[in-house]
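Before any comments, here is the structure.
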There are 2 protein chains.
Amino acid sequence: MKILVQKFGGTSLATYELRQRVIHHIRNGLNEGYQLVVVVSAMGRKGDPYATDTLLDLINQNGRSLQPRERDLLLSCGEIISATTLSSMLHREGIDNTVLTGGQAGIITNHQHNNAQIITINPSRIHQELKKGKVVIVAGFQGKTTDGEITTLGRGGSDTTATALGVALGAEMVDIFTDVDGIMTADPRIVEDAVPLETVTYTEMCNLAFQGAKVIHPRAVEIAMQTNVPIRVRSTMTDNPGTLVTSTSEVTRLAGEVQDRLITGITQVPNVTQIKVKAKEGQYDFQLKVFKAMAENGISVDFINVNPSGVAYTVFDELADRAEEILRSLGFEPELHRHCAKVSAVGAGIAGVPGAMAKMVEALTEEDIQILQSADSHTTLWVLVRGEDMVKAVRALHRKFELHNIHYQTAE
Amino acid sequence: MKILVQKFGGTSLATYELRQRVIHHIRNGLNEGYQLVVVVSAMGRKGDPYATDTLLDLINQNGRSLQPRERDLLLSCGEIISATTLSSMLHREGIDNTVLTGGQAGIITNHQHNNAQIITINPSRIHQELKKGKVVIVAGFQGKTTDGEITTLGRGGSDTTATALGVALGAEMVDIFTDVDGIMTADPRIVEDAVPLETVTYTEMCNLAFQGAKVIHPRAVEIAMQTNVPIRVRSTMTDNPGTLVTSTSEVTRLAGEVQDRLITGITQVPNVTQIKVKAKEGQYDFQLKVFKAMAENGISVDFINVNPSGVAYTVFDELADRAEEILRSLGFEPELHRHCAKVSAVGAGIAGVPGAMAKMVEALTEEDIQILQSADSHTTLWVLVRGEDMVKAVRALHRKFELHNIHYQTAE
């Protein structure tokens with residue numbers, strides 16, 4: 001029998017009405033003849049009593065010094081509470097089900113508390129419950145070490161649980177339910193005529209996610225890509241098919257022709273600071289010094305531009321003061337440009353197309369937007385702009401690449 | 001090194017101030033040179049977001065049909081949340097500690113979800129952590145089956161966890177912290193001059209608990225009794241020594257003389273209904289029929305009085321209608337006396353003392369209290385009275401047996 005993994009995020013479980021929609025999707029999955037594995041996150045957003053952030057707030061009122069191992073024990077409860085709540089609702093609806101913790105579901109991780117990596121998955125218990133005809137609800141975001149310690153997954157959380165289970169179970173599909181209609185061509189809060197994409201490749205999805213699209217974590221996509229398990233990113237509130245994330249060949253097959261779209265989507269990362277450091281005379285290792293100092297102080301850098309006379313890179317605004325201090329203590333005189341934004345155009349079609357960056361520059365110039373820095377890879381074009389230009393830049397690029405015209409089919 | 005088990009109930013963990021008192025007692029235990037195992041219940045009372053009843057309320061809003069296994073998964077979170085909260089506070093105070101779930105603490109139970117029995121305890125992990133110099137915080141009320149299912153203990157909950165660990169670890173003492181000053185000679189809300197008892201025997205304690213004293217669960221006492229681990233029932237709010245619960249010989253040794261107290265305490269169980277069933281002519285097995293019918297319908301009976309012409313027994317008020325219905329369906333014509341109360345006088349000293357019941361009857365008669373039924377064992381005297389007489393009866397017996405004169409030593 002075919003297996004479908006459905007993942008419902010915290011916002012999909014926040015209210016009674018939303019949970020009714022979750023039941024609707026579960027019923028649909030069963031009606032389509034699937035064996036169902038349902039992965040859930042902790043309920044609701046900050047402020048709800050069982051949300052992850054609220055559990056941490058409780059601790060913050062009581063010492064702010066939870067050890068990593070105990071933090072995992074605490075946080076794992078958030079997902080268990082939402083899983084059992086859903087279980088109770090399904091049971092009342094006559095849908096036979098059982099709840100498994102991450103550990104019980106066979107998710108084995110290393111010992112890196114708060115940021116554990118999945119080492120292996122033993123899906124025998126899940127198969128056993130599926131065979132009994134049960135919907136298996138799995139508490140997301142958590143696993144267990146070989147010696148019984150409870151861990152939480154760092155990057156990707158419950159999305160990673162869902163795709164990793166999809167891979168381990170040989171699932172036909174992993175449905176990621178969320179509060180938007182799929183992967184959008186741009187953030188709909190910025191671009192009014194942004195549309196959901198019908199399909200994107202794993203690579204495009206990873207790039208979109210890395211460049212600011214928050215719908216699904218890139219780590220989860222990378223895992224799905226390992227065995228080509230398709231992901232559908234869908235809305236809890238509608239029956240629309242959402243966006244199918246799959247391999248390049250499958251995207252091509254579905255389109256019935258070789259894809260000729262240049263750009264898939266426009267994304268943005270706000271609140272970054274550009275830092276420029278000039279080389280001092282006679283210092284041949286100044287670049288090494290700069291990046292080593294950042295790394296040793298746990299400051300992530302991005303958008304690195306190295307040349308013989310200096311380096312430029314970005315850090316998040318809140319780390320800018322600390323970065324400046326470190327650089328000055330090393331004798332550098334850094335130049336800081338705060339409150340910038342990184343705007344990206346992502347698309348598998350960029351590779352080898354000479355006109356793409358030109359089109360990007362043209363769009364921005366037409367709007368009098370200054371490009372502070374730029375970069376490109378075979379799948380992504382980046383520009384750094386002033387923060388106040390971000391919205392204008394995203395809209396200009398969405399228009400220039402005609403993303404509102406991307407064809408999309410809705411349900412019914 | 002000597003091991004001390006401290007158990008803090010939900011009310012002891014309900015507020016920040018109370019949790020500060022908990023830290024105080026933990027510090028005292030360490031200063032006295034103990035290795036410390038701290039067992040905690042879920043925080044607070046109904047209404048607090050992580051209390052057991054609140055977790056169940058969440059479910060009740062979402063279908064009221066949580067399966068037993070999933071109910072245990074959910075409820076186990078209540079204790080984990082309070083354990084990690086305490087852990088964070090201790091860590092900030094510089095007290096090295098770790099949290100273990102019931103399963104991690106080695107508490108192995110049978111598969112009877114919601115009412116699991118401890119089969120065995122493997123304390124090796126606790127010993128290992130104690131050797132590292134850590135305070136070991138154990139989430140109470142829970143265990144694990146041999147195949148990794150999470151269970152909750154039925155009777156006695158976290159008290160049972162504490163005394164069972166005390167036995168398994170060979171602890172010198174188990175401290176049960178609560179919101180009263182120890183085991184009282186009567187409920188202080190009823191009897192103004194009730195005093196805490198300095199010592200009680202395990203047997204007295206079990207009887208007091210079975211007869212309505214709610215401070216500690218009899219199941220927990222029975223476990224401690226198996227290897228004579230002493231229990232201290234103490235107040236979180238004071239440094240008073242509380243009541244020592246131990247073996248008869250130890251109580252005698254501590255008193256320096258053979259104990260001559262007749263009665264230890266007066267307890268009450270309100271809201272019971274007396275049911276009388278008369279034998280019908282020719283029915284020799286009517287008693288069997290009555291009690292079999294009650295058992296088959298899950299109705300607990302108490303205060304059973306059997307004689308050739310009829311039986312009398314009590315059930316809780318809320319089960320009276322159901323019991324009546326069952327009896328009538330069997331052709332009996334039961335006589336019900338609702339809203340009664342069972343008042344008990346408990347004391348190891350009763351055995352073989354002829355005057356005890358006479359004294360009890362005298363005290364009640366002086367107050368014009370009608371005795372509806374009575375019974376006695378070698379440790380307890382019971383009377384059934386009308387509900388409106390309960391308070392008067394408890395006070396009269398407390399006075400008659402001069403329990404306010406029981407000697408008690410407070411700290412400093």
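Ligands are numbered from 1 in the order shown, residues from 1 within each chain, and chains are lettered A, B, ... in the order they appear in the structure tokens.
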
I need the strand (DSSP E) residues of range 211-326 of chain B per DSSP on the backbone, written as JSON, numbers by chain.
{"B": [231, 232, 233, 234, 235, 243, 244, 245, 246, 265, 266, 267, 268, 269, 270, 271, 272, 273, 274, 275, 276, 277, 278, 302, 303, 304, 305, 306, 307, 310, 311, 312, 313, 314, 315, 316]}

Keeping only N, CA and C atoms, write those residues as a CSV table (one decimal), in the first residue's frame.
chain,number,residue,atom,x,y,z
B,231,ILE,N,9.7,7.5,56.0
B,231,ILE,CA,9.2,8.6,55.2
B,231,ILE,C,9.0,9.8,56.2
B,232,ARG,N,9.3,11.0,55.7
B,232,ARG,CA,9.0,12.2,56.5
B,232,ARG,C,8.0,13.0,55.7
B,233,VAL,N,6.8,13.3,56.3
B,233,VAL,CA,5.8,14.1,55.6
B,233,VAL,C,6.0,15.5,56.2
B,234,ARG,N,6.4,16.5,55.3
B,234,ARG,CA,6.8,17.8,55.8
B,234,ARG,C,6.2,18.9,55.0
B,235,SER,N,6.2,20.1,55.5
B,235,SER,CA,5.7,21.3,54.8
B,235,SER,C,6.8,21.9,54.0
B,243,THR,N,6.1,14.8,60.1
B,243,THR,CA,5.8,13.6,60.7
B,243,THR,C,6.7,12.5,60.1
B,244,LEU,N,7.3,11.7,61.0
B,244,LEU,CA,8.1,10.6,60.6
B,244,LEU,C,7.2,9.3,60.5
B,245,VAL,N,7.2,8.7,59.4
B,245,VAL,CA,6.4,7.5,59.2
B,245,VAL,C,7.4,6.3,59.1
B,246,THR,N,7.3,5.4,60.1
B,246,THR,CA,8.3,4.3,60.1
B,246,THR,C,7.7,3.1,60.7
B,265,GLY,N,-5.4,9.4,65.0
B,265,GLY,CA,-6.1,10.5,64.3
B,265,GLY,C,-7.5,10.2,64.0
B,266,ILE,N,-8.2,11.3,63.7
B,266,ILE,CA,-9.6,11.2,63.3
B,266,ILE,C,-9.7,11.6,61.8
B,267,THR,N,-10.3,10.8,61.0
B,267,THR,CA,-10.5,11.2,59.6
B,267,THR,C,-11.9,11.0,59.2
B,268,GLN,N,-12.2,11.6,58.0
B,268,GLN,CA,-13.6,11.5,57.5
B,268,GLN,C,-13.6,11.3,56.0
B,269,VAL,N,-14.6,10.6,55.5
B,269,VAL,CA,-14.9,10.5,54.1
B,269,VAL,C,-16.3,11.0,53.9
B,270,PRO,N,-16.5,12.2,53.3
B,270,PRO,CA,-17.9,12.7,53.1
B,270,PRO,C,-18.5,12.1,51.8
B,271,ASN,N,-19.8,12.5,51.6
B,271,ASN,CA,-20.5,12.2,50.4
B,271,ASN,C,-20.6,10.7,50.0
B,272,VAL,N,-21.0,9.9,51.0
B,272,VAL,CA,-21.3,8.5,50.7
B,272,VAL,C,-22.8,8.2,51.0
B,273,THR,N,-23.3,7.2,50.3
B,273,THR,CA,-24.7,6.8,50.4
B,273,THR,C,-24.7,5.4,51.0
B,274,GLN,N,-25.5,5.2,52.1
B,274,GLN,CA,-25.7,3.9,52.6
B,274,GLN,C,-26.8,3.2,51.9
B,275,ILE,N,-26.6,2.0,51.5
B,275,ILE,CA,-27.6,1.2,50.8
B,275,ILE,C,-27.9,-0.1,51.6
B,276,LYS,N,-29.2,-0.3,51.9
B,276,LYS,CA,-29.6,-1.5,52.6
B,276,LYS,C,-30.4,-2.3,51.7
B,277,VAL,N,-30.1,-3.6,51.6
B,277,VAL,CA,-30.9,-4.5,50.8
B,277,VAL,C,-31.4,-5.7,51.7
B,278,LYS,N,-32.7,-5.9,51.7
B,278,LYS,CA,-33.2,-7.0,52.6
B,278,LYS,C,-33.3,-8.2,51.7
B,302,ASP,N,-18.0,-0.1,50.2
B,302,ASP,CA,-17.2,0.1,51.4
B,302,ASP,C,-18.2,-0.2,52.5
B,303,PHE,N,-17.6,-0.4,53.7
B,303,PHE,CA,-18.4,-0.4,55.0
B,303,PHE,C,-19.5,-1.5,54.9
B,304,ILE,N,-19.1,-2.7,54.5
B,304,ILE,CA,-20.0,-3.7,54.2
B,304,ILE,C,-20.4,-4.4,55.5
B,305,ASN,N,-21.7,-4.6,55.7
B,305,ASN,CA,-22.3,-5.2,56.9
B,305,ASN,C,-23.2,-6.3,56.4
B,306,VAL,N,-22.8,-7.5,56.6
B,306,VAL,CA,-23.7,-8.6,56.1
B,306,VAL,C,-24.3,-9.3,57.3
B,307,ASN,N,-25.6,-9.6,57.2
B,307,ASN,CA,-26.3,-10.5,58.2
B,307,ASN,C,-27.3,-11.3,57.5
B,310,GLY,N,-30.2,-9.4,55.7
B,310,GLY,CA,-29.9,-8.3,54.7
B,310,GLY,C,-28.5,-7.9,54.7
B,311,VAL,N,-28.1,-7.0,53.7
B,311,VAL,CA,-26.8,-6.4,53.7
B,311,VAL,C,-26.9,-4.9,53.8
B,312,ALA,N,-25.9,-4.2,54.3
B,312,ALA,CA,-25.8,-2.8,54.2
B,312,ALA,C,-24.4,-2.5,53.7
B,313,TYR,N,-24.3,-1.5,52.9
B,313,TYR,CA,-22.9,-1.0,52.5
B,313,TYR,C,-23.0,0.4,52.0
B,314,THR,N,-21.9,1.0,51.7
B,314,THR,CA,-21.9,2.4,51.2
B,314,THR,C,-21.2,2.4,49.8
B,315,VAL,N,-21.7,3.4,49.0
B,315,VAL,CA,-21.0,3.8,47.8
B,315,VAL,C,-20.9,5.3,47.7
B,316,PHE,N,-20.1,5.8,46.9
B,316,PHE,CA,-20.0,7.3,46.8
B,316,PHE,C,-21.4,7.8,46.2

Report as JSON lines the residues of chain B within 8 Å of chain A, each with its shortest atom pair and distance in Å (one decimal), using only C-alpha atoms, ordered by chain and increasing residue number.
{"residue": "B:Tyr16", "atom": "CA", "partner": "A:Asn62", "partner_atom": "CA", "distance": 7.3}
{"residue": "B:Pro49", "atom": "CA", "partner": "A:Pro49", "partner_atom": "CA", "distance": 6.5}
{"residue": "B:Leu58", "atom": "CA", "partner": "A:Thr85", "partner_atom": "CA", "distance": 7.4}
{"residue": "B:Ile59", "atom": "CA", "partner": "A:Thr85", "partner_atom": "CA", "distance": 5.6}
{"residue": "B:Asn62", "atom": "CA", "partner": "A:Met89", "partner_atom": "CA", "distance": 5.5}
{"residue": "B:Gly63", "atom": "CA", "partner": "A:Met89", "partner_atom": "CA", "distance": 4.7}
{"residue": "B:Arg64", "atom": "CA", "partner": "A:Ser88", "partner_atom": "CA", "distance": 6.5}
{"residue": "B:Ser65", "atom": "CA", "partner": "A:Ser88", "partner_atom": "CA", "distance": 4.9}
{"residue": "B:Leu66", "atom": "CA", "partner": "A:Ser88", "partner_atom": "CA", "distance": 4.3}
{"residue": "B:Gln67", "atom": "CA", "partner": "A:Ser88", "partner_atom": "CA", "distance": 7.0}
{"residue": "B:Glu70", "atom": "CA", "partner": "A:Thr84", "partner_atom": "CA", "distance": 5.9}
{"residue": "B:Arg71", "atom": "CA", "partner": "A:Thr84", "partner_atom": "CA", "distance": 7.3}
{"residue": "B:Leu73", "atom": "CA", "partner": "A:Ile80", "partner_atom": "CA", "distance": 7.0}
{"residue": "B:Leu74", "atom": "CA", "partner": "A:Ile81", "partner_atom": "CA", "distance": 5.6}
{"residue": "B:Cys77", "atom": "CA", "partner": "A:Cys77", "partner_atom": "CA", "distance": 5.4}
{"residue": "B:Ile80", "atom": "CA", "partner": "A:Leu74", "partner_atom": "CA", "distance": 6.4}
{"residue": "B:Ile81", "atom": "CA", "partner": "A:Leu74", "partner_atom": "CA", "distance": 5.6}
{"residue": "B:Thr84", "atom": "CA", "partner": "A:Glu70", "partner_atom": "CA", "distance": 5.9}
{"residue": "B:Thr85", "atom": "CA", "partner": "A:Ile59", "partner_atom": "CA", "distance": 5.6}
{"residue": "B:Leu86", "atom": "CA", "partner": "A:Asn62", "partner_atom": "CA", "distance": 7.7}
{"residue": "B:Ser87", "atom": "CA", "partner": "A:Leu66", "partner_atom": "CA", "distance": 6.7}
{"residue": "B:Ser88", "atom": "CA", "partner": "A:Leu66", "partner_atom": "CA", "distance": 4.3}
{"residue": "B:Met89", "atom": "CA", "partner": "A:Gly63", "partner_atom": "CA", "distance": 4.7}
{"residue": "B:Leu90", "atom": "CA", "partner": "A:Gly63", "partner_atom": "CA", "distance": 7.9}
{"residue": "B:His91", "atom": "CA", "partner": "A:Ser65", "partner_atom": "CA", "distance": 6.1}
{"residue": "B:Arg92", "atom": "CA", "partner": "A:Gly63", "partner_atom": "CA", "distance": 5.6}
{"residue": "B:Thr98", "atom": "CA", "partner": "A:Glu70", "partner_atom": "CA", "distance": 7.2}
{"residue": "B:Val99", "atom": "CA", "partner": "A:Glu70", "partner_atom": "CA", "distance": 6.3}
{"residue": "B:Gln104", "atom": "CA", "partner": "A:Gly148", "partner_atom": "CA", "distance": 7.3}
{"residue": "B:Gly148", "atom": "CA", "partner": "A:Gln104", "partner_atom": "CA", "distance": 7.3}

Got a sec to tell me which of range 101-177 of chain B DSSP assigns to alpha helix (DSSP H), as a compact mmCIF listing (two decimals) with N, CA, C and O atoms, in the first residue's frame?
# COMPACT_ATOMS: atom_id res chain seq x y z
N SER B 124 20.62 2.03 38.08
CA SER B 124 22.04 2.24 37.73
C SER B 124 22.29 3.65 37.18
O SER B 124 23.27 4.29 37.50
N ARG B 125 21.37 4.14 36.33
CA ARG B 125 21.57 5.48 35.78
C ARG B 125 21.55 6.55 36.88
O ARG B 125 22.35 7.50 36.86
N ILE B 126 20.65 6.40 37.84
CA ILE B 126 20.59 7.37 38.93
C ILE B 126 21.91 7.35 39.72
O ILE B 126 22.50 8.41 39.98
N HIS B 127 22.38 6.14 40.05
CA HIS B 127 23.64 6.04 40.78
C HIS B 127 24.78 6.71 40.02
O HIS B 127 25.63 7.40 40.60
N GLN B 128 24.79 6.47 38.72
CA GLN B 128 25.82 7.02 37.84
C GLN B 128 25.82 8.56 37.92
O GLN B 128 26.87 9.19 38.05
N GLU B 129 24.62 9.16 37.87
CA GLU B 129 24.53 10.63 37.91
C GLU B 129 24.87 11.15 39.30
O GLU B 129 25.50 12.20 39.44
N LEU B 130 24.43 10.44 40.33
CA LEU B 130 24.74 10.85 41.71
C LEU B 130 26.25 10.85 41.92
O LEU B 130 26.80 11.75 42.56
N LYS B 131 26.92 9.86 41.35
CA LYS B 131 28.38 9.76 41.51
C LYS B 131 29.09 10.95 40.87
O LYS B 131 30.17 11.33 41.29
N GLY B 157 0.69 7.87 42.37
CA GLY B 157 1.42 8.78 41.50
C GLY B 157 2.85 9.04 41.93
O GLY B 157 3.64 8.11 42.11
N SER B 158 3.19 10.31 42.09
CA SER B 158 4.56 10.69 42.40
C SER B 158 5.00 10.24 43.78
O SER B 158 6.20 10.01 44.01
N ASP B 159 4.08 10.10 44.72
CA ASP B 159 4.44 9.56 46.04
C ASP B 159 5.01 8.16 45.86
O ASP B 159 6.01 7.78 46.49
N THR B 160 4.37 7.38 45.01
CA THR B 160 4.82 6.02 44.75
C THR B 160 6.19 6.03 44.09
O THR B 160 7.07 5.24 44.45
N THR B 161 6.39 6.93 43.11
CA THR B 161 7.71 7.06 42.50
C THR B 161 8.77 7.29 43.58
O THR B 161 9.82 6.66 43.59
N ALA B 162 8.47 8.20 44.51
CA ALA B 162 9.45 8.59 45.53
C ALA B 162 9.79 7.43 46.46
O ALA B 162 10.97 7.13 46.67
N THR B 163 8.76 6.74 46.97
CA THR B 163 9.09 5.68 47.92
C THR B 163 9.69 4.47 47.20
O THR B 163 10.57 3.81 47.74
N ALA B 164 9.24 4.20 45.98
CA ALA B 164 9.80 3.07 45.24
C ALA B 164 11.28 3.34 44.94
O ALA B 164 12.11 2.43 45.04
N LEU B 165 11.62 4.58 44.58
CA LEU B 165 13.03 4.91 44.37
C LEU B 165 13.79 4.81 45.68
O LEU B 165 14.93 4.35 45.72
N GLY B 166 13.15 5.26 46.76
CA GLY B 166 13.78 5.15 48.08
C GLY B 166 14.17 3.72 48.39
O GLY B 166 15.29 3.43 48.85
N VAL B 167 13.26 2.80 48.11
CA VAL B 167 13.52 1.38 48.34
C VAL B 167 14.64 0.89 47.42
O VAL B 167 15.60 0.26 47.85
N ALA B 168 14.52 1.22 46.12
CA ALA B 168 15.48 0.69 45.13
C ALA B 168 16.89 1.23 45.37
O ALA B 168 17.87 0.56 45.07
N LEU B 169 16.97 2.46 45.86
CA LEU B 169 18.27 3.10 46.05
C LEU B 169 18.84 2.85 47.45
O LEU B 169 19.96 3.26 47.75

Long-range neighbours of Gly33 in chain B as a PyMOL selection string, 9 Å cut-off, only C-alpha atoms, 2 positions minimum in chain:
chain B and resi 1-3+28-31+35

Report, in Å with one decimal, the straight-line distance from CA of Ala341 in chain A to CA of Asn405 in chain A.
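Separation of CA of Ala341 in chain A and CA of Asn405 in chain A: 25.8 Å.
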
For range 280-285 of chain A, find every residue with an atom within 12 Å (counting only C-alpha atoms), except residues of its own chain fewer than 4 positions away, and show them as a PyMOL selection string.
chain A and resi 289-292+307-311+330-334

Within 12 Å of range 210-213 of chain A: each range 121-187 of chain A residue with its shortest pair, only C-alpha atoms, as JSON lines:
{"residue": "A:Arg155", "atom": "CA", "partner": "A:Phe210", "partner_atom": "CA", "distance": 11.8}
{"residue": "A:Gly156", "atom": "CA", "partner": "A:Phe210", "partner_atom": "CA", "distance": 11.6}
{"residue": "A:Val180", "atom": "CA", "partner": "A:Ala213", "partner_atom": "CA", "distance": 11.5}
{"residue": "A:Gly182", "atom": "CA", "partner": "A:Ala213", "partner_atom": "CA", "distance": 10.9}
{"residue": "A:Ile183", "atom": "CA", "partner": "A:Ala213", "partner_atom": "CA", "distance": 8.1}
{"residue": "A:Met184", "atom": "CA", "partner": "A:Ala213", "partner_atom": "CA", "distance": 8.6}
{"residue": "A:Thr185", "atom": "CA", "partner": "A:Ala213", "partner_atom": "CA", "distance": 9.7}
{"residue": "A:Ala186", "atom": "CA", "partner": "A:Ala213", "partner_atom": "CA", "distance": 8.2}
{"residue": "A:Asp187", "atom": "CA", "partner": "A:Ala213", "partner_atom": "CA", "distance": 7.7}

Keeping C-alpha atoms for every residue in the selection just given, could you write it to a file as a JSON list (two decimals), in the first residue's frame?
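Final output, saved to part-v2.json:
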[["chain", "number", "residue", "atom", "x", "y", "z"],
["A", 155, "ARG", "CA", 17.74, 22.81, 11.38],
["A", 156, "GLY", "CA", 14.39, 22.20, 9.78],
["A", 180, "VAL", "CA", 0.25, 29.82, 2.43],
["A", 182, "GLY", "CA", 2.43, 26.88, -1.83],
["A", 183, "ILE", "CA", 5.80, 28.26, -2.88],
["A", 184, "MET", "CA", 5.08, 31.78, -4.13],
["A", 185, "THR", "CA", 6.92, 33.68, -6.82],
["A", 186, "ALA", "CA", 7.52, 36.33, -4.15],
["A", 187, "ASP", "CA", 6.40, 37.19, -0.64]]

Test item: residues at most 12 Å from His25 in chain B, only C-alpha atoms, excluding those fewer than 2 positions along its chain, as a PyMOL selection string:
chain B and resi 4-8+12+18-23+27-32+34+36+38+90+175-177+234-241

Report, in Å to a single decimal, how far apart CA of Leu384 in chain A and CA of Arg328 in chain A are.
24.0 Å
